[in-house]
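Next comes protein-v6.tsv, with TSV, C-alpha atoms and all ligand atoms.
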chain	number	residue	atom	x	y	z
L	5	ALA	CA	0.39	28.28	44.61
L	6	GLY	CA	1.24	28.24	40.93
L	7	ILE	CA	-1.40	27.29	38.42
L	8	PHE	CA	0.59	24.24	37.29
L	9	ASP	CA	0.79	22.84	40.84
L	10	ALA	CA	-2.51	21.09	40.18
L	11	LEU	CA	-1.05	19.04	37.32
L	12	ALA	CA	-0.05	15.41	37.77
L	13	LEU	CA	2.90	13.89	35.95
L	14	GLN	CA	1.75	12.05	32.79
L	15	PRO	CA	3.34	8.78	31.69
L	16	ALA	CA	5.80	9.08	28.79
L	17	ASP	CA	5.08	7.30	25.50
L	18	PRO	CA	6.31	3.73	26.23
L	19	LEU	CA	7.83	3.53	22.72
L	20	LEU	CA	10.17	6.42	23.49
L	21	SER	CA	11.85	4.47	26.28
L	22	VAL	CA	12.21	1.45	23.95
L	23	ILE	CA	13.86	3.69	21.34
L	24	GLY	CA	16.18	5.20	23.95
L	25	ALA	CA	17.18	1.83	25.41
L	26	PHE	CA	17.83	0.45	21.92
L	27	ARG	CA	20.13	3.36	21.06
L	28	ALA	CA	22.09	2.90	24.26
L	29	ASP	CA	22.59	-0.86	23.73
L	30	PRO	CA	26.17	-1.52	22.51
L	31	ARG	CA	25.47	-5.08	21.30
L	32	PRO	CA	26.11	-5.15	17.52
L	33	ASN	CA	23.36	-7.65	16.68
L	34	LYS	CA	20.57	-5.76	18.45
L	35	ILE	CA	17.18	-5.82	16.74
L	36	ASP	CA	14.64	-2.97	16.87
L	37	VAL	CA	11.09	-4.11	16.15
L	38	GLY	CA	9.66	-1.34	18.33
L	39	VAL	CA	9.55	1.92	16.42
L	40	GLY	CA	6.56	2.34	14.09
L	41	VAL	CA	8.08	3.46	10.81
L	42	PHE	CA	8.79	1.54	7.61
L	43	ARG	CA	12.36	0.36	7.18
L	44	THR	CA	14.22	-0.97	4.18
L	45	GLU	CA	16.33	-4.14	4.27
L	46	THR	CA	19.25	-1.86	5.24
L	47	GLY	CA	17.32	-0.16	8.05
L	48	GLU	CA	16.50	3.19	6.41
L	49	THR	CA	13.23	5.08	6.38
L	50	PRO	CA	13.83	6.89	3.09
L	51	VAL	CA	12.02	9.79	1.45
L	52	PHE	CA	10.13	8.36	-1.56
L	53	ARG	CA	11.88	8.94	-4.90
L	54	ALA	CA	8.73	10.60	-6.29
L	55	MET	CA	8.51	12.75	-3.15
L	56	LYS	CA	12.06	14.05	-3.67
L	57	THR	CA	11.14	15.07	-7.21
L	58	ALA	CA	7.83	16.59	-6.11
L	59	GLU	CA	9.55	18.56	-3.35
L	60	ARG	CA	12.10	19.89	-5.85
L	61	ARG	CA	9.27	20.97	-8.15
L	62	LEU	CA	7.49	22.58	-5.23
L	63	LEU	CA	10.61	24.52	-4.24
L	64	GLU	CA	11.06	25.75	-7.81
L	65	THR	CA	7.44	26.66	-8.55
L	66	GLN	CA	5.88	27.80	-5.26
L	67	ASP	CA	5.82	31.61	-5.39
L	68	THR	CA	3.91	32.38	-2.20
L	69	LYS	CA	3.34	31.00	1.26
L	70	ALA	CA	0.26	33.15	1.85
L	71	TYR	CA	-2.51	31.48	3.85
L	72	LEU	CA	-4.76	28.83	2.42
L	73	GLY	CA	-8.10	28.30	4.15
L	74	PRO	CA	-8.85	25.80	6.93
L	75	GLU	CA	-9.45	23.16	4.24
L	76	GLY	CA	-5.75	23.27	3.31
L	77	ASP	CA	-4.68	22.21	-0.18
L	78	ILE	CA	-7.95	21.52	-1.99
L	79	GLY	CA	-6.10	20.09	-5.00
L	80	PHE	CA	-4.53	17.50	-2.68
L	81	PHE	CA	-7.93	16.60	-1.22
L	82	GLN	CA	-9.49	16.21	-4.66
L	83	ALA	CA	-6.52	14.26	-6.07
L	84	LEU	CA	-6.74	11.80	-3.16
L	85	ARG	CA	-10.43	11.08	-3.79
L	86	PRO	CA	-9.96	8.59	-6.65
L	87	VAL	CA	-7.25	6.78	-4.63
L	88	VAL	CA	-9.69	6.28	-1.75
L	89	PHE	CA	-13.02	5.82	-3.52
L	90	GLY	CA	-12.05	4.48	-6.96
L	91	ALA	CA	-15.17	4.24	-9.09
L	92	ALA	CA	-17.36	4.40	-5.96
L	93	ASP	CA	-16.95	8.16	-5.33
L	94	PRO	CA	-20.21	9.43	-3.79
L	95	GLY	CA	-19.97	12.73	-5.72
L	96	GLU	CA	-21.62	15.77	-4.13
L	97	ARG	CA	-22.26	13.79	-0.93
L	98	VAL	CA	-18.52	13.97	-0.16
L	99	PHE	CA	-17.15	16.71	2.09
L	100	GLY	CA	-13.90	17.14	3.94
L	101	LEU	CA	-10.52	18.80	4.15
L	102	GLN	CA	-6.79	18.35	4.55
L	103	THR	CA	-5.74	17.66	8.15
L	104	PRO	CA	-2.51	17.47	10.17
L	105	GLY	CA	-2.03	13.73	9.66
L	106	GLY	CA	-4.46	10.94	10.35
L	107	THR	CA	-4.39	12.01	13.99
L	108	GLY	CA	-5.82	15.42	13.05
L	109	ALA	CA	-8.46	13.72	10.91
L	110	LEU	CA	-9.49	11.40	13.76
L	111	ARG	CA	-9.64	14.26	16.24
L	112	LEU	CA	-11.75	16.37	13.88
L	113	ALA	CA	-14.03	13.42	13.12
L	114	ALA	CA	-14.55	12.88	16.85
L	115	GLU	CA	-15.29	16.59	17.34
L	116	LEU	CA	-17.79	16.58	14.48
L	117	ILE	CA	-19.55	13.55	15.96
L	118	ALA	CA	-19.56	15.16	19.42
L	119	GLN	CA	-21.00	18.36	17.92
L	120	ALA	CA	-23.76	16.45	16.14
L	121	ARG	CA	-24.45	14.06	19.00
L	122	PRO	CA	-22.74	14.90	22.31
L	123	GLY	CA	-21.65	11.82	24.24
L	124	ALA	CA	-22.32	9.43	21.33
L	125	ARG	CA	-21.07	5.88	21.87
L	126	VAL	CA	-18.07	4.74	19.82
L	127	PHE	CA	-17.59	0.98	19.44
L	128	LEU	CA	-13.91	0.19	19.38
L	129	GLY	CA	-12.19	-3.18	18.87
L	130	THR	CA	-9.23	-3.92	21.15
L	131	PRO	CA	-6.34	-3.89	21.07
L	132	THR	CA	-6.11	-0.80	18.92
L	133	TRP	CA	-3.77	2.08	18.14
L	134	PRO	CA	-3.07	3.47	21.65
L	135	ASN	CA	-4.01	7.01	20.56
L	136	HIS	CA	-7.60	6.07	19.65
L	137	PRO	CA	-8.99	6.05	23.21
L	138	PRO	CA	-7.46	9.39	24.32
L	139	ILE	CA	-8.61	11.13	21.12
L	140	LEU	CA	-12.18	9.94	21.68
L	141	LYS	CA	-12.00	10.79	25.37
L	142	LYS	CA	-10.94	14.38	24.66
L	143	THR	CA	-14.16	14.98	22.78
L	144	GLY	CA	-16.36	13.46	25.47
L	145	LEU	CA	-17.52	10.50	23.39
L	146	GLU	CA	-18.36	7.32	25.26
L	147	GLN	CA	-16.29	4.26	24.37
L	148	VAL	CA	-17.57	0.72	24.14
L	149	ALA	CA	-14.67	-1.73	23.80
L	150	TYR	CA	-14.96	-5.21	22.36
L	151	ARG	CA	-12.42	-7.87	21.45
L	152	HIS	CA	-11.02	-7.57	17.92
L	153	PHE	CA	-8.11	-9.98	18.17
L	154	ASP	CA	-6.93	-13.09	19.93
L	155	ALA	CA	-3.13	-13.14	20.31
L	156	GLU	CA	-3.03	-16.94	20.77
L	157	THR	CA	-4.75	-17.72	17.45
L	158	GLN	CA	-3.42	-14.50	15.84
L	159	ALA	CA	-6.86	-14.00	14.26
L	160	VAL	CA	-9.75	-11.54	14.27
L	161	CYS	CA	-12.46	-12.52	16.80
L	162	PHE	CA	-15.13	-11.97	14.22
L	163	ASP	CA	-17.95	-13.31	16.42
L	164	ASP	CA	-17.11	-10.64	19.01
L	165	VAL	CA	-17.02	-7.95	16.29
L	166	VAL	CA	-20.44	-9.00	14.98
L	167	ALA	CA	-21.94	-9.23	18.46
L	168	ALA	CA	-20.65	-5.75	19.32
L	169	LEU	CA	-21.92	-4.13	16.14
L	170	GLU	CA	-25.28	-5.91	16.48
L	171	SER	CA	-25.60	-4.35	19.94
L	172	ALA	CA	-25.00	-0.86	18.51
L	173	GLY	CA	-27.87	1.26	17.29
L	174	ALA	CA	-28.81	4.44	15.47
L	175	GLY	CA	-26.57	7.30	16.55
L	176	ASP	CA	-23.75	5.00	17.63
L	177	VAL	CA	-20.39	5.00	15.88
L	178	ALA	CA	-18.07	2.13	14.90
L	179	LEU	CA	-14.38	3.02	14.67
L	180	LEU	CA	-12.86	0.47	12.29
L	181	GLN	CA	-9.34	0.19	10.90
L	182	VAL	CA	-9.56	-0.43	7.18
L	183	CYS	CA	-6.25	-2.24	6.53
L	184	CYS	CA	-2.92	-3.10	8.17
L	185	HIS	CA	-4.50	-3.15	11.62
L	186	ASN	CA	-2.32	-1.47	14.23
L	187	PRO	CA	-1.15	-3.26	16.41
L	188	THR	CA	-2.21	-6.73	15.23
L	189	GLY	CA	-2.05	-6.93	11.41
L	190	ALA	CA	-5.36	-8.82	11.61
L	191	ASP	CA	-7.62	-7.29	8.95
L	192	PHE	CA	-11.17	-8.15	7.93
L	193	THR	CA	-11.64	-10.26	4.80
L	194	VAL	CA	-13.80	-8.98	1.95
L	195	GLU	CA	-16.60	-11.32	3.10
L	196	GLN	CA	-16.32	-9.97	6.65
L	197	TRP	CA	-16.48	-6.38	5.33
L	198	HIS	CA	-19.71	-7.27	3.52
L	199	GLU	CA	-21.19	-8.61	6.75
L	200	ILE	CA	-20.00	-5.56	8.72
L	201	ALA	CA	-21.43	-3.22	6.08
L	202	ARG	CA	-24.82	-4.96	6.20
L	203	ILE	CA	-24.96	-4.68	10.01
L	204	LEU	CA	-23.92	-1.00	10.00
L	205	GLY	CA	-26.54	-0.24	7.34
L	206	ARG	CA	-29.31	-2.21	9.01
L	207	ARG	CA	-28.66	-0.79	12.49
L	208	GLY	CA	-27.97	2.81	11.42
L	209	VAL	CA	-24.45	2.88	12.90
L	210	LEU	CA	-22.05	5.56	11.62
L	211	PRO	CA	-18.74	4.08	10.40
L	212	LEU	CA	-15.60	6.02	11.35
L	213	LEU	CA	-13.02	4.36	9.11
L	214	ASP	CA	-9.34	4.78	9.92
L	215	LEU	CA	-7.25	4.41	6.76
L	216	ALA	CA	-3.63	4.98	7.76
L	217	TYR	CA	-1.78	2.41	5.64
L	218	GLN	CA	-3.43	2.31	2.21
L	219	GLY	CA	-1.18	0.44	-0.21
L	220	LEU	CA	0.83	-1.44	2.40
L	221	ALA	CA	-1.38	-4.54	2.67
L	222	GLU	CA	-2.29	-5.88	-0.78
L	223	GLY	CA	-2.40	-2.82	-3.04
L	224	LEU	CA	-4.03	0.61	-3.18
L	225	ASP	CA	-7.39	-0.60	-4.51
L	226	ALA	CA	-7.57	-3.84	-2.53
L	227	ASP	CA	-6.73	-1.97	0.67
L	228	ALA	CA	-9.66	0.42	0.20
L	229	ALA	CA	-12.16	-2.42	-0.29
L	230	GLY	CA	-13.53	-1.95	3.24
L	231	VAL	CA	-14.31	1.72	2.52
L	232	ARG	CA	-16.04	0.97	-0.76
L	233	ILE	CA	-18.04	-2.01	0.57
L	234	VAL	CA	-19.24	-0.05	3.61
L	235	LEU	CA	-20.20	3.02	1.55
L	236	ASP	CA	-22.44	0.80	-0.54
L	237	GLN	CA	-24.60	0.07	2.54
L	238	VAL	CA	-24.66	3.26	4.62
L	239	PRO	CA	-25.95	6.80	4.00
L	240	ALA	CA	-23.18	8.52	5.96
L	241	ALA	CA	-19.59	7.80	6.99
L	242	LEU	CA	-16.33	9.41	8.05
L	243	ILE	CA	-12.87	8.40	6.81
L	244	ALA	CA	-9.70	9.51	8.62
L	245	TYR	CA	-6.84	9.28	6.13
L	246	SER	CA	-3.11	9.36	6.80
L	247	CYS	CA	-0.43	9.94	4.12
L	248	ASP	CA	2.30	9.44	6.65
L	249	LYS	CA	3.18	5.83	5.79
L	250	ASN	CA	2.13	5.51	2.15
L	251	PHE	CA	3.85	8.76	1.15
L	252	GLY	CA	6.60	8.46	3.79
L	253	LEU	CA	5.63	11.92	5.09
L	254	TYR	CA	5.50	11.10	8.82
L	255	ARG	CA	6.77	14.36	10.35
L	256	GLU	CA	5.15	16.51	7.66
L	257	ARG	CA	1.75	15.73	9.23
L	258	THR	CA	-0.28	15.06	6.11
L	259	GLY	CA	-3.76	13.58	6.07
L	260	ALA	CA	-7.38	14.21	5.22
L	261	LEU	CA	-10.83	13.81	6.68
L	262	PHE	CA	-13.44	12.60	4.20
L	263	GLY	CA	-17.10	12.72	5.15
L	264	ILE	CA	-20.00	11.24	3.25
L	265	ALA	CA	-23.44	12.65	4.03
L	266	ALA	CA	-26.90	11.47	3.01
L	267	SER	CA	-27.29	14.31	0.48
L	268	GLY	CA	-25.36	17.14	-1.13
L	269	GLU	CA	-27.20	19.63	1.09
L	270	ARG	CA	-26.29	17.70	4.27
L	271	ALA	CA	-22.69	17.47	3.04
L	272	ARG	CA	-22.51	21.27	2.63
L	273	ILE	CA	-23.73	21.80	6.18
L	274	ALA	CA	-21.38	19.17	7.63
L	275	HIS	CA	-18.53	20.74	5.63
L	276	SER	CA	-19.17	24.15	7.21
L	277	ASN	CA	-18.95	22.43	10.60
L	278	VAL	CA	-15.61	20.72	9.97
L	279	LEU	CA	-14.19	24.01	8.67
L	280	ALA	CA	-15.29	25.80	11.85
L	281	LEU	CA	-13.88	23.02	14.05
L	282	ALA	CA	-10.57	23.06	12.16
L	283	ARG	CA	-10.31	26.84	12.50
L	284	ALA	CA	-10.75	26.56	16.25
L	285	ALA	CA	-8.23	23.70	16.51
L	286	TRP	CA	-5.33	24.55	14.18
L	287	SER	CA	-6.68	27.25	11.84
L	288	MET	CA	-5.14	25.50	8.86
L	289	PRO	CA	-2.99	22.44	8.30
L	290	PRO	CA	0.73	22.53	7.42
L	291	ASP	CA	1.14	22.88	3.67
L	292	HIS	CA	4.32	21.21	2.54
L	293	GLY	CA	3.50	17.49	2.68
L	294	ALA	CA	0.08	17.86	1.10
L	295	ALA	CA	1.37	20.14	-1.65
L	296	ALA	CA	4.10	17.64	-2.52
L	297	ALA	CA	1.67	14.69	-2.37
L	298	ARG	CA	-0.64	16.63	-4.70
L	299	ILE	CA	2.19	17.12	-7.19
L	300	ILE	CA	2.72	13.33	-7.18
L	301	LEU	CA	-0.97	12.51	-7.51
L	302	VAL	CA	-1.62	14.83	-10.46
L	303	SER	CA	1.51	13.74	-12.36
L	304	PRO	CA	1.07	10.42	-14.20
L	305	GLU	CA	4.82	9.74	-14.18
L	306	LEU	CA	5.37	10.61	-10.50
L	307	SER	CA	2.23	8.66	-9.56
L	308	ALA	CA	3.53	5.60	-11.39
L	309	ASP	CA	6.84	5.82	-9.55
L	310	TRP	CA	5.09	6.39	-6.21
L	311	ARG	CA	2.95	3.30	-6.80
L	312	ALA	CA	6.03	1.30	-7.78
L	313	GLU	CA	7.93	2.26	-4.64
L	314	LEU	CA	4.87	1.55	-2.49
L	315	ALA	CA	4.71	-1.90	-4.11
L	316	GLU	CA	8.39	-2.47	-3.25
L	317	MET	CA	7.67	-1.64	0.39
L	318	ARG	CA	4.64	-3.90	0.45
L	319	ASP	CA	6.60	-6.74	-1.16
L	320	ARG	CA	9.29	-6.42	1.46
L	321	ILE	CA	6.75	-6.62	4.31
L	322	VAL	CA	4.99	-9.60	2.69
L	323	SER	CA	8.26	-11.45	2.11
L	324	MET	CA	9.39	-10.92	5.73
L	325	ARG	CA	6.03	-12.24	6.94
L	326	GLU	CA	6.37	-15.30	4.70
L	327	LEU	CA	9.96	-15.86	5.78
L	328	LEU	CA	8.93	-15.87	9.44
L	329	GLY	CA	6.48	-18.69	8.70
L	330	THR	CA	9.07	-20.60	6.68
L	331	ILE	CA	11.65	-20.43	9.46
L	332	ASP	CA	9.18	-21.61	12.08
L	333	PRO	CA	5.59	-22.81	11.56
L	334	ALA	CA	4.58	-21.13	14.83
L	335	PHE	CA	4.90	-17.82	12.94
L	336	ALA	CA	2.83	-18.99	9.95
L	337	PRO	CA	-0.29	-17.03	11.02
L	338	LEU	CA	1.70	-13.80	10.62
L	339	ALA	CA	1.83	-14.43	6.86
L	340	ARG	CA	-1.96	-14.09	6.74
L	341	GLN	CA	-1.77	-10.66	8.40
L	342	HIS	CA	-1.11	-7.32	6.74
L	343	GLY	CA	1.07	-4.29	7.17
L	344	MET	CA	3.91	-3.44	9.48
L	345	PHE	CA	2.50	-4.66	12.77
L	346	SER	CA	1.78	-7.88	14.55
L	347	THR	CA	1.24	-8.55	18.25
L	348	LEU	CA	2.93	-11.60	19.72
L	349	PRO	CA	1.48	-13.37	22.77
L	350	LEU	CA	4.31	-12.22	25.05
L	351	SER	CA	4.12	-11.12	28.66
L	352	PRO	CA	5.98	-7.99	29.82
L	353	GLU	CA	8.39	-10.38	31.54
L	354	GLN	CA	9.10	-12.18	28.25
L	355	VAL	CA	9.53	-8.81	26.52
L	356	ARG	CA	12.05	-7.86	29.21
L	357	ARG	CA	13.98	-11.11	28.68
L	358	LEU	CA	14.04	-10.52	24.93
L	359	ARG	CA	15.55	-7.11	25.55
L	360	GLU	CA	18.05	-8.12	28.23
L	361	GLU	CA	19.13	-11.56	27.02
L	362	PHE	CA	18.72	-11.22	23.25
L	363	ALA	CA	18.88	-7.45	22.48
L	364	VAL	CA	15.45	-7.65	20.80
L	365	TYR	CA	13.48	-4.45	21.45
L	366	MET	CA	9.71	-4.09	21.45
L	367	PRO	CA	7.11	-2.42	23.69
L	368	ASN	CA	5.57	-4.40	26.57
L	369	SER	CA	2.43	-4.98	24.51
L	370	GLY	CA	4.38	-7.46	22.35
L	371	ARG	CA	3.76	-5.41	19.22
L	372	ILE	CA	6.44	-5.93	16.60
L	373	ASN	CA	7.24	-3.92	13.49
L	374	ILE	CA	7.82	-6.46	10.72
L	375	ALA	CA	9.81	-3.80	8.83
L	376	GLY	CA	12.41	-3.93	11.62
L	377	LEU	CA	13.28	-7.45	10.45
L	378	THR	CA	15.74	-8.19	7.63
L	379	ARG	CA	17.01	-11.29	5.86
L	380	GLY	CA	20.04	-10.92	8.09
L	381	ASN	CA	18.31	-10.81	11.48
L	382	VAL	CA	15.01	-12.67	11.12
L	383	GLU	CA	16.41	-16.07	12.13
L	384	ALA	CA	17.99	-14.65	15.27
L	385	PHE	CA	14.68	-12.92	16.03
L	386	VAL	CA	12.71	-16.17	15.70
L	387	ARG	CA	15.22	-18.05	17.88
L	388	ALA	CA	15.03	-15.35	20.56
L	389	VAL	CA	11.23	-15.30	20.65
L	390	LYS	CA	11.07	-19.11	20.72
L	391	SER	CA	13.45	-19.29	23.64
L	392	VAL	CA	11.37	-16.99	25.86
L	393	LEU	CA	7.97	-18.46	24.90
L	401	LIG	N1	-4.44	5.43	12.71
L	401	LIG	C1	-3.63	4.40	12.94
L	401	LIG	C2	-4.18	3.04	13.04
L	401	LIG	C3	-2.26	4.65	13.09
L	401	LIG	O1	-1.44	3.61	13.32
L	401	LIG	C4	-1.76	5.96	13.01
L	401	LIG	C5	-0.32	6.28	13.26
L	401	LIG	N2	0.57	5.56	12.62
L	401	LIG	C6	-2.66	6.99	12.73
L	401	LIG	C7	-4.00	6.68	12.60
L	401	LIG	C8	-2.26	8.43	12.63
L	401	LIG	O2	-1.28	8.67	11.73
L	401	LIG	P1	-0.60	10.10	11.54
L	401	LIG	O3	-1.22	11.08	12.48
L	401	LIG	O4	0.84	9.88	11.79
L	401	LIG	O5	-0.92	10.46	10.11
Full structure transcribed into structure tokens:
Amino acid sequence: AGIFDALALQPADPLLSVIGAFRADPRPNKIDVGVGVFRTETGETPVFRAMKTAERRLLETQDTKAYLGPEGDIGFFQALRPVVFGAADPGERVFGLQTPGGTGALRLAAELIAQARPGARVFLGTPTWPNHPPILKKTGLEQVAYRHFDAETQAVCFDDVVAALESAGAGDVALLQVCCHNPTGADFTVEQWHEIARILGRRGVLPLLDLAYQGLAEGLDADAAGVRIVLDQVPAALIAYSCDKNFGLYRERTGALFGIAASGERARIAHSNVLALARAAWSMPPDHGAAAARIILVSPELSADWRAELAEMRDRIVSMRELLGTIDPAFAPLARQHGMFSTLPLSPEQVRRLREEFAVYMPNSGRINIAGLTRGNVEAFVRAVKSVL
């Protein structure tokens, strides 16, 4: 028998079938709230203006493609630090490297945890980004799920979060999304972050913070509040960073893993471990996206334009959320949420009816991408959802 005979067929990504079915639908007023990328009012996912300029500069000035090390573009990593930490940068206690997207950062973080403490427990609020559980599973970490969100009230179940974290102890890990929660949009308030930080600090739990949408909730600094509040209370933390949404770099696979250790000496040792893990996983990350993001971050004029375009995107998301609530009060809670995603309390049967009767496309989970809505289609979307609810 062939070696592959032992393999079982794996399920396809459910979003791919939504995308395929949407494309094949001839109805002119079809609405795609499935796919997870930002869209403008006219349905594009454009390259940032500042990115176009940075890429041009890169093309003109890059004179070699010789290898960098496993840490990737160190200038990119350093230039991102003030964006993430602001005035709260922990200095020599910081370690880390450029990674292939936030996914690479999460995988490396999980491998580092598994190396330090095999089989460690990771507390994980549900629902969450569907790739979180398989990434943790690959590294043999144990998962402890708790309820993050109630689709009926559209709010964080903060009592469940607190109870879960209070049941964690030294050596356990809490995987927390910092802003623009995927798939619910339900973020922690500043007060809730303070309470979370106190529990993590008191119980010795390691925060693994997933920051994949900085700048798309309320602003670059406001969106990093969770990171900065938590770092004030804990000796060590990991931050998995994605540039894919806030630099529009999706397929360029650009991200970073930041670690904070209890001391500079511990940071140096942890750093040598992440470098070794990265070498064994991908040797070094792809260069282009990080090099271009670095050019933006070190240029005051490109940075200003990047921030301006990010603000335009954020404003569009916020105004669509507000418009939903204005059209129908049932959608008002969505205006208190952040980022591209919300999860509606829809059954797979209702999702099917939306697709077949109204040409509204979303995955069975009921997750919608707010950026798939426009001033032109939002009323039809609300009417469709109301008629299947
Ligand atoms: N974390 C969350 C919550 C995400 O939604 C995503 C993907 N959009 C990622 C991490 C990983 O992002 P990427 O690998 O595309 O940088």
Take every atom of ligand LIG 401 (chain L) listed in the file, pad by 4 Å on each side, and give me the axis-aligned box centre and edge lengths in Å, one decimal, as lines of an AutoDock Vina configuration file.
center_x = -1.8
center_y = 7.1
center_z = 11.7
size_x = 13.3
size_y = 16.0
size_z = 11.2
Between atom CA of His136 of chain L and atom CA of Ala155 of chain L, what is the spacing in Å?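 Separation between atom CA of Ala155 of chain L and atom CA of His136 of chain L: 19.7 Å.
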(message) Using all atoms listed in the file for the distances, tell me which of L:Leu348, L:Val234, L:Ile35, L:Ala244 is nearest to ligand LIG 401 (chain L).
(response)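 Residue with the minimum atom-to-atom distance to ligand LIG 401 (chain L): L:Ala244.
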message = Hey, which residues sit close to ligand LIG 401 (chain L)? Say within 9 Å, counting all atoms listed in the file, and write them as a count of residues only.
response = 40
Practice item. Give the answer as one residue: which of L:Ala5, L:Ala25, L:Val166, L:Ala12 has the shortest atom-to-atom distance to Val364 of chain L, using only C-alpha atoms? Key: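 Of L:Ala5, L:Ala25, L:Val166, L:Ala12, the one nearest Val364 of chain L, counting only C-alpha atoms, is L:Ala25.
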Just the residues within 10 Å of segment 290-307 of chain L, please, counting all atoms listed in the file, with nothing from its chain fewer than 3 positions along; format it as number ranges by chain. L: 53-63, 66, 69, 71-72, 76-84, 86-87, 102-105, 247-248, 251-260, 286-287, 310-313
Find the residues near Leu358 of chain L: any atom within 8 Å, counting all atoms listed in the file, skip ones fewer than 4 places away on the same chain, and give them as JSON, numbers by chain. {"L": [354, 362, 363, 364, 365, 388, 389, 392]}
